[in-house]
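The data block below is work.csv; it holds CSV, C-alpha atoms and all ligand atoms.
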chain,number,residue,atom,x,y,z
C,12,MET,CA,37.6,23.3,-25.3
C,13,ALA,CA,38.7,19.8,-24.6
C,14,VAL,CA,36.1,17.5,-23.3
C,15,ILE,CA,37.1,14.6,-21.0
C,16,ASP,CA,34.9,11.5,-20.2
C,17,LEU,CA,36.8,9.3,-17.9
C,18,HIS,CA,34.1,6.6,-17.5
C,19,CYS,CA,31.8,5.7,-20.4
C,20,HIS,CA,30.4,2.4,-21.6
C,21,LEU,CA,30.7,3.1,-25.4
C,22,ASP,CA,29.9,-0.6,-26.2
C,23,LEU,CA,26.5,-0.4,-24.4
C,24,TYR,CA,24.9,2.4,-26.5
C,25,ASP,CA,22.2,1.3,-29.0
C,26,ASP,CA,24.6,2.3,-31.8
C,27,PRO,CA,28.2,2.1,-30.4
C,28,ILE,CA,29.9,2.6,-33.7
C,29,ALA,CA,28.1,5.9,-34.3
C,30,ILE,CA,28.8,7.2,-30.8
C,31,ALA,CA,32.4,6.2,-30.9
C,32,GLN,CA,32.8,8.0,-34.3
C,33,GLU,CA,31.0,11.1,-33.1
C,34,ALA,CA,33.2,11.2,-29.9
C,35,ALA,CA,36.3,10.8,-32.1
C,36,LYS,CA,35.1,13.6,-34.5
C,37,ARG,CA,34.6,15.9,-31.5
C,38,GLN,CA,38.0,14.9,-30.2
C,39,VAL,CA,36.7,13.9,-26.8
C,40,TYR,CA,39.1,12.2,-24.4
C,41,VAL,CA,37.2,9.0,-23.5
C,42,LEU,CA,38.1,6.2,-21.1
C,43,SER,CA,35.9,3.5,-22.7
C,44,VAL,CA,35.3,1.0,-19.9
C,45,THR,CA,34.1,-2.6,-20.3
C,46,THR,CA,32.1,-4.9,-18.1
C,47,THR,CA,33.6,-8.3,-19.1
C,48,PRO,CA,37.0,-9.4,-20.4
C,49,SER,CA,35.3,-10.9,-23.4
C,50,ALA,CA,34.0,-7.5,-24.4
C,51,PHE,CA,37.5,-5.9,-24.4
C,52,ALA,CA,38.8,-6.6,-27.9
C,53,GLY,CA,35.5,-5.7,-29.7
C,54,THR,CA,35.2,-2.5,-27.6
C,55,ALA,CA,38.8,-1.5,-28.3
C,56,ARG,CA,38.0,-1.8,-32.0
C,57,LEU,CA,35.3,0.9,-31.7
C,58,ALA,CA,38.0,3.5,-31.2
C,59,PRO,CA,39.0,5.0,-34.6
C,60,PRO,CA,42.7,5.1,-35.1
C,61,GLY,CA,44.2,8.4,-34.0
C,62,SER,CA,41.3,9.1,-31.7
C,63,ARG,CA,41.5,10.1,-28.0
C,64,ILE,CA,39.5,7.1,-27.0
C,65,ARG,CA,41.2,4.6,-24.8
C,66,THR,CA,39.8,1.2,-23.8
C,67,ALA,CA,39.9,-0.2,-20.2
C,68,LEU,CA,39.8,-3.9,-19.4
C,69,GLY,CA,36.9,-4.6,-17.0
C,70,LEU,CA,35.0,-7.1,-15.0
C,71,HIS,CA,32.0,-5.3,-13.5
C,72,PRO,CA,31.1,-6.4,-9.9
C,73,GLU,CA,27.5,-7.1,-10.9
C,74,LEU,CA,28.8,-9.7,-13.4
C,75,ALA,CA,32.0,-10.7,-11.7
C,76,VAL,CA,30.7,-13.9,-10.1
C,77,ALA,CA,28.9,-15.1,-13.2
C,78,ARG,CA,31.9,-14.3,-15.4
C,79,GLU,CA,34.7,-15.4,-13.0
C,80,ARG,CA,35.8,-18.0,-15.6
C,81,GLU,CA,36.9,-15.0,-17.8
C,82,LEU,CA,39.7,-14.1,-15.4
C,83,PRO,CA,42.3,-15.9,-17.6
C,84,GLN,CA,41.1,-13.7,-20.5
C,85,PHE,CA,41.6,-10.7,-18.2
C,86,GLU,CA,45.1,-11.8,-17.6
C,87,ARG,CA,45.8,-12.3,-21.3
C,88,HIS,CA,44.5,-8.8,-22.3
C,89,LEU,CA,46.2,-6.9,-19.4
C,90,PRO,CA,49.6,-6.3,-21.1
C,91,HIS,CA,47.8,-4.4,-23.9
C,92,THR,CA,46.2,-1.6,-21.8
C,93,ALA,CA,47.3,0.8,-19.1
C,94,TYR,CA,43.6,0.9,-18.0
C,95,VAL,CA,41.5,-1.5,-15.9
C,96,GLY,CA,37.8,-0.8,-15.5
C,97,GLU,CA,35.0,-1.2,-14.7
C,98,VAL,CA,35.9,-3.2,-11.7
C,99,GLY,CA,35.1,-3.0,-8.0
C,100,LEU,CA,32.4,-4.1,-5.5
C,101,ASP,CA,28.6,-3.7,-5.3
C,102,GLY,CA,27.0,-4.2,-2.0
C,103,SER,CA,23.5,-3.1,-3.0
C,104,LYS,CA,20.6,-5.3,-2.2
C,105,PRO,CA,20.5,-7.5,-5.4
C,106,HIS,CA,24.3,-8.2,-5.1
C,107,ARG,CA,25.0,-8.2,-1.4
C,108,SER,CA,24.8,-12.0,-1.2
C,109,THR,CA,27.8,-12.3,-3.5
C,110,LEU,CA,29.9,-9.6,-1.9
C,111,ASP,CA,32.5,-12.1,-0.4
C,112,ARG,CA,33.0,-13.7,-3.8
C,113,GLN,CA,33.1,-10.3,-5.5
C,114,ALA,CA,35.8,-9.3,-3.0
C,115,GLY,CA,37.9,-12.4,-3.9
C,116,ILE,CA,37.7,-11.7,-7.6
C,117,PHE,CA,38.5,-8.0,-7.1
C,118,MET,CA,41.6,-9.0,-5.1
C,119,ASP,CA,42.6,-11.3,-8.0
C,120,ILE,CA,42.3,-8.3,-10.3
C,121,LEU,CA,44.3,-6.0,-8.0
C,122,MET,CA,47.0,-8.7,-7.7
C,123,LEU,CA,47.2,-9.2,-11.4
C,124,SER,CA,47.5,-5.4,-11.9
C,125,ALA,CA,50.2,-5.2,-9.3
C,126,ARG,CA,52.1,-8.0,-10.9
C,127,ALA,CA,51.8,-6.3,-14.3
C,128,GLY,CA,53.5,-3.2,-12.8
C,129,GLY,CA,50.4,-1.2,-11.9
C,130,ARG,CA,47.4,0.1,-13.9
C,131,VAL,CA,45.0,3.0,-13.8
C,132,LEU,CA,41.8,1.5,-12.4
C,133,SER,CA,38.2,2.9,-12.8
C,134,ILE,CA,36.4,1.5,-9.8
C,135,HIS,CA,32.8,1.0,-8.8
C,136,SER,CA,32.0,1.1,-5.0
C,137,ARG,CA,28.2,1.2,-4.6
C,138,ASP,CA,27.3,0.4,-1.0
C,139,ALA,CA,30.7,-1.2,-0.3
C,140,ARG,CA,32.9,1.8,0.2
C,141,LYS,CA,34.7,0.7,3.4
C,142,LEU,CA,35.4,-2.8,2.2
C,143,LEU,CA,36.6,-1.5,-1.1
C,144,LEU,CA,39.1,0.9,0.5
C,145,ASP,CA,40.3,-1.9,2.8
C,146,LEU,CA,41.0,-4.1,-0.2
C,147,LEU,CA,42.8,-1.3,-2.0
C,148,GLU,CA,45.0,-0.9,1.1
C,149,VAL,CA,45.9,-4.5,1.0
C,150,GLU,CA,47.3,-4.2,-2.6
C,151,PRO,CA,48.8,-0.7,-2.9
C,152,MET,CA,51.0,-1.8,-5.9
C,153,ALA,CA,47.8,-2.3,-8.0
C,154,GLY,CA,48.3,1.2,-9.4
C,155,THR,CA,46.2,4.4,-9.4
C,156,PRO,CA,42.5,3.9,-8.5
C,157,ILE,CA,39.9,6.3,-9.8
C,158,LEU,CA,36.8,6.0,-7.7
C,159,HIS,CA,33.9,6.5,-10.1
C,160,TRP,CA,30.6,8.1,-8.8
C,161,PHE,CA,32.0,7.8,-5.3
C,162,SER,CA,29.4,8.8,-2.7
C,163,GLY,CA,31.6,8.6,0.5
C,164,THR,CA,31.6,10.6,3.6
C,165,GLU,CA,34.1,13.3,4.1
C,166,SER,CA,36.4,11.0,6.1
C,167,GLU,CA,36.1,8.3,3.5
C,168,ILE,CA,37.1,10.8,0.8
C,169,GLN,CA,40.0,11.9,3.0
C,170,ARG,CA,41.1,8.3,3.5
C,171,ALA,CA,40.8,7.5,-0.2
C,172,ALA,CA,42.8,10.7,-1.2
C,173,ASP,CA,45.5,9.8,1.4
C,174,MET,CA,45.8,6.4,-0.3
C,175,GLY,CA,46.4,8.1,-3.7
C,176,CYS,CA,42.9,7.7,-5.1
C,177,TRP,CA,41.4,9.9,-7.8
C,178,PHE,CA,37.7,10.6,-8.4
C,179,SER,CA,35.5,10.8,-11.5
C,180,VAL,CA,32.2,12.8,-11.2
C,181,GLY,CA,29.4,13.1,-13.7
C,182,PRO,CA,26.4,15.3,-14.4
C,183,ALA,CA,24.0,12.7,-12.9
C,184,MET,CA,26.0,12.7,-9.6
C,185,LEU,CA,26.2,16.5,-9.5
C,186,ALA,CA,22.5,16.8,-10.1
C,187,THR,CA,21.8,16.0,-6.4
C,188,ALA,CA,22.7,18.2,-3.4
C,189,ARG,CA,24.4,15.2,-1.8
C,190,GLY,CA,26.5,14.5,-4.9
C,191,ARG,CA,27.6,18.1,-5.0
C,192,ALA,CA,28.6,18.1,-1.4
C,193,VAL,CA,30.7,14.9,-1.9
C,194,ALA,CA,32.4,16.4,-5.0
C,195,ALA,CA,33.2,19.6,-3.0
C,196,ALA,CA,35.1,17.5,-0.5
C,197,MET,CA,37.3,15.9,-3.2
C,198,PRO,CA,40.8,17.3,-3.9
C,199,GLN,CA,40.6,19.5,-7.0
C,200,ASP,CA,43.8,18.1,-8.5
C,201,ARG,CA,42.4,14.5,-8.4
C,202,ILE,CA,39.0,15.1,-10.1
C,203,LEU,CA,38.1,14.2,-13.7
C,204,PRO,CA,34.7,14.3,-15.4
C,205,GLU,CA,32.7,11.3,-16.5
C,206,THR,CA,29.3,10.5,-17.9
C,207,ASP,CA,28.8,6.7,-17.1
C,208,GLY,CA,26.8,6.8,-20.3
C,209,PRO,CA,24.5,5.2,-21.3
C,210,PHE,CA,23.6,4.5,-17.6
C,211,GLY,CA,24.3,8.1,-16.5
C,212,MET,CA,21.2,10.2,-17.4
C,213,ASN,CA,20.4,13.8,-17.7
C,214,ARG,CA,16.8,15.1,-17.9
C,215,GLY,CA,15.6,11.6,-18.8
C,216,ARG,CA,18.0,10.7,-21.6
C,217,ALA,CA,21.3,8.9,-21.7
C,218,LEU,CA,24.4,11.0,-21.5
C,219,PHE,CA,26.9,11.0,-24.4
C,220,PRO,CA,30.7,11.3,-23.9
C,221,TRP,CA,30.6,15.0,-25.1
C,222,ASP,CA,28.1,15.8,-22.4
C,223,ALA,CA,30.8,15.3,-19.7
C,224,ALA,CA,31.5,19.0,-19.9
C,225,LEU,CA,28.1,19.6,-18.2
C,226,VAL,CA,30.0,19.2,-14.9
C,227,ASN,CA,32.1,22.3,-15.5
C,228,PRO,CA,29.5,25.0,-14.4
C,229,THR,CA,28.8,23.0,-11.3
C,230,LEU,CA,32.5,22.6,-10.4
C,231,SER,CA,32.9,26.2,-11.2
C,232,SER,CA,30.4,27.2,-8.5
C,233,LEU,CA,31.7,24.5,-6.0
C,234,TRP,CA,35.2,25.7,-6.4
C,235,CYS,CA,34.4,29.4,-6.7
C,236,GLU,CA,36.5,29.5,-9.8
C,237,GLU,CA,35.7,30.7,-13.3
C,238,GLU,CA,34.8,28.0,-15.8
C,239,ARG,CA,38.0,28.6,-17.7
C,240,ALA,CA,40.0,27.9,-14.6
C,241,VAL,CA,38.1,24.7,-14.0
C,242,GLU,CA,38.8,23.6,-17.6
C,243,ARG,CA,42.5,24.3,-17.1
C,244,GLN,CA,42.5,22.3,-13.9
C,245,LEU,CA,40.8,19.3,-15.5
C,246,ILE,CA,43.1,19.3,-18.5
C,247,SER,CA,46.1,19.5,-16.1
C,248,ASN,CA,44.7,16.6,-14.1
C,249,LEU,CA,44.2,14.5,-17.3
C,250,ARG,CA,47.8,15.2,-18.3
C,251,THR,CA,49.1,14.1,-14.9
C,252,LEU,CA,47.0,10.9,-15.0
C,253,THR,CA,48.2,10.2,-18.6
C,254,GLU,CA,51.8,10.5,-17.5
C,255,VAL,CA,51.1,7.9,-14.8
C,256,ALA,CA,49.3,5.6,-17.3
C,257,ASN,CA,52.2,5.9,-19.7
C,258,LYS,CA,54.6,4.8,-17.0
C,259,TYR,CA,52.5,1.6,-16.5
C,260,VAL,CA,52.3,0.9,-20.3
C,261,PRO,CA,54.2,3.1,-22.7
C,262,GLN,CA,51.7,4.7,-25.1
C,263,GLY,CA,49.3,2.6,-23.3
C,264,LEU,CA,46.0,4.2,-24.1
C,265,VAL,CA,44.5,7.7,-22.9
C,266,THR,CA,45.8,11.0,-24.3
C,267,ASP,CA,48.6,12.0,-26.6
Y,1,ZN,ZN,29.9,2.4,-15.2
Mind converting the file's structure to structure tokens?
Amino acid sequence: MAVIDLHCHLDLYDDPIAIAQEAAKRQVYVLSVTTTPSAFAGTARLAPPGSRIRTALGLHPELAVARERELPQFERHLPHTAYVGEVGLDGSKPHRSTLDRQAGIFMDILMLSARAGGRVLSIHSRDARKLLLDLLEVEPMAGTPILHWFSGTESEIQRAADMGCWFSVGPAMLATARGRAVAAAMPQDRILPETDGPFGMNRGRALFPWDAALVNPTLSSLWCEEERAVERQLISNLRTLTEVANKYVPQGLVTD
């Protein structure tokens, strides 16, 4: 069975090389997101040749203001990947005071992505969902957003889906009743699994990319479908997304 982890921080595990090699050995489809442009090249090198690991170019909202000077690096790397992430907005208490500046930097990223012909974007939206959707609406040519660990209301999910957004959901999100209710409201043909490892946890330990399949039994009960049907749906979703990505950058990183 193919395992898909559409949002994982491979470079932030204690032993990134071992985790990347194990993920490659298990043939996991991984979108390996980064938090700064300066981490992109080294993180891309973690993916063994021929693996199903693809590396996204990111500037995490919690670091965006401190690392704004890396935007020129972002621009330089952008032609080499079809994937942007982790990017977005964080309006939680420690970061609320920089939300305006985060929004400016996020708009720069959307504009650069649009100018490059579009990208698949893995997006963080903690406590800033409305503003985030507003900004995505301003730059619809930025590409195909995947809202990661999105905890919106039903009407926000509807709005995001109408704008063409996808969603990635992980075991940690689906461990709560609220997370399950949110996931149940998402369109089944726009959902992909994620771990957000090593930040995403399960029973007190960091999730590994191959743990992403832990979402399958939960999706199976939410959708009232057999697990095999869920697996087929998720693989079909990945195929669709990969076709989109390959249009942005030919052979430009997720699956073969
Ligand atoms: Zn993350």
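Of the listed residues C:Asn227, C:Arg201, C:Pro209, C:Ala256, the one whose atoms come nearest to Tyr24 (chain C) is C:Pro209, with distances taken using all atoms listed in the file.
Residue nearest ligand ZN 1 (chain Y) within the list C:Leu144, C:Ala55, C:Met212, C:Ala13: C:Met212 [criterion: smallest interatomic distance, all atoms listed in the file].
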For the contact check between chain C and ligand ZN 1 (chain Y), emit one row per residue of chain C within 9 Å, containing the shortest atom pair and the distance in Å rounded to one decimal, counting only C-alpha atoms and all ligand atoms, chain then rising number order, as a tab-separated table.
residue	atom	partner	partner_atom	distance
C:His18	CA	Y:ZN1	ZN	6.4
C:Cys19	CA	Y:ZN1	ZN	6.4
C:His20	CA	Y:ZN1	ZN	6.4
C:Val44	CA	Y:ZN1	ZN	7.3
C:Thr45	CA	Y:ZN1	ZN	8.3
C:Thr46	CA	Y:ZN1	ZN	8.2
C:His71	CA	Y:ZN1	ZN	8.2
C:Gly96	CA	Y:ZN1	ZN	8.5
C:Glu97	CA	Y:ZN1	ZN	6.3
C:Val98	CA	Y:ZN1	ZN	8.9
C:Ser133	CA	Y:ZN1	ZN	8.7
C:Ile134	CA	Y:ZN1	ZN	8.5
C:His135	CA	Y:ZN1	ZN	7.2
C:His159	CA	Y:ZN1	ZN	7.7
C:Trp160	CA	Y:ZN1	ZN	8.6
C:Thr206	CA	Y:ZN1	ZN	8.6
C:Asp207	CA	Y:ZN1	ZN	4.8
C:Gly208	CA	Y:ZN1	ZN	7.4
C:Pro209	CA	Y:ZN1	ZN	8.6
C:Phe210	CA	Y:ZN1	ZN	7.1
C:Gly211	CA	Y:ZN1	ZN	8.1
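When CA of Leu249 (chain C) is paired with CA of Cys235 (chain C), their separation reads 20.7 Å.
You will find CA of Ile168 (chain C) at 6.5 Å from CA of Met197 (chain C).
Minimum distance to Val41 (chain C) across C:Met152, C:Leu23, C:Val14, C:Leu252 (counting all atoms listed in the file) occurs at C:Val14.
Interatomic distance, CA of Pro90 (chain C) to CA of Ala153 (chain C): 13.8 Å.
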Practice prompt. Name all residues at most 12 Å from Ala186 (chain C) (count all atoms listed in the file; drop same-chain ones fewer than 6 positions away) and give them as a list of chain:residue names.
Written response: C:Trp160, C:Val180, C:Ala192, C:Val193, C:Ala194, C:Gly211, C:Met212, C:Asn213, C:Arg214, C:Leu225, C:Val226, C:Pro228, C:Thr229, C:Leu230
Discussion item. So that I can check the surroundings of Gly163 (chain C), please list as a PyMOL selection string every protein, DNA and RNA residue that reaches within 12 Å of it, counting all atoms listed in the file and ignoring chain neighbours fewer than 3 positions away.
Written reply: chain C and resi 136-141+143-144+158-160+166-172+178+189-197
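Summary of the local environment: counting only C-alpha atoms, residues at most 10 Å from Ser49 (chain C), other than itself and those fewer than 4 positions away along its chain, are C:Thr45, C:Gly53, C:Thr54, C:Leu68, C:Gly69, C:Leu70, C:Arg78, C:Glu81, C:Leu82, C:Gln84, C:Phe85, C:His88.
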Q | Residues near Asp26 (chain C), cut-off 12 Å, only C-alpha atoms, skip fewer than 5 positions along chain, as a list of chain:residue names | A | C:His20, C:Leu21, C:Ala31, C:Gln32, C:Glu33, C:Leu57, C:Pro209, C:Phe219
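The closest residue to Gln244 (chain C), picked from C:Ala35, C:Leu42, C:Ile120, C:Ile15 and counting all atoms listed in the file, is C:Ile15.
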So which residues touch Ser124 (chain C) within 8 Å, counting all atoms listed in the file, skipping near sequence neighbours fewer than 2 positions away, as an mmCIF file with C-alpha atoms, in the coordinates of the input?
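Output file selection-v4.cif is given in full below:
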data_model
loop_
_atom_site.group_PDB
_atom_site.id
_atom_site.type_symbol
_atom_site.label_atom_id
_atom_site.label_comp_id
_atom_site.auth_asym_id
_atom_site.auth_seq_id
_atom_site.Cartn_x
_atom_site.Cartn_y
_atom_site.Cartn_z
ATOM 1 C CA LEU C 89 46.200 -6.900 -19.400
ATOM 2 C CA ILE C 120 42.300 -8.300 -10.300
ATOM 3 C CA LEU C 121 44.300 -6.000 -8.000
ATOM 4 C CA MET C 122 47.000 -8.700 -7.700
ATOM 5 C CA ARG C 126 52.100 -8.000 -10.900
ATOM 6 C CA ALA C 127 51.800 -6.300 -14.300
ATOM 7 C CA GLY C 128 53.500 -3.200 -12.800
ATOM 8 C CA GLY C 129 50.400 -1.200 -11.900
ATOM 9 C CA ARG C 130 47.400 0.100 -13.900
ATOM 10 C CA MET C 152 51.000 -1.800 -5.900
ATOM 11 C CA ALA C 153 47.800 -2.300 -8.000
ATOM 12 C CA GLY C 154 48.300 1.200 -9.400
#
If you count all atoms listed in the file, the residue of C:Ala58, C:Ser43, C:Thr253, C:Ser108 closest to Val95 (chain C) turns out to be C:Ser43
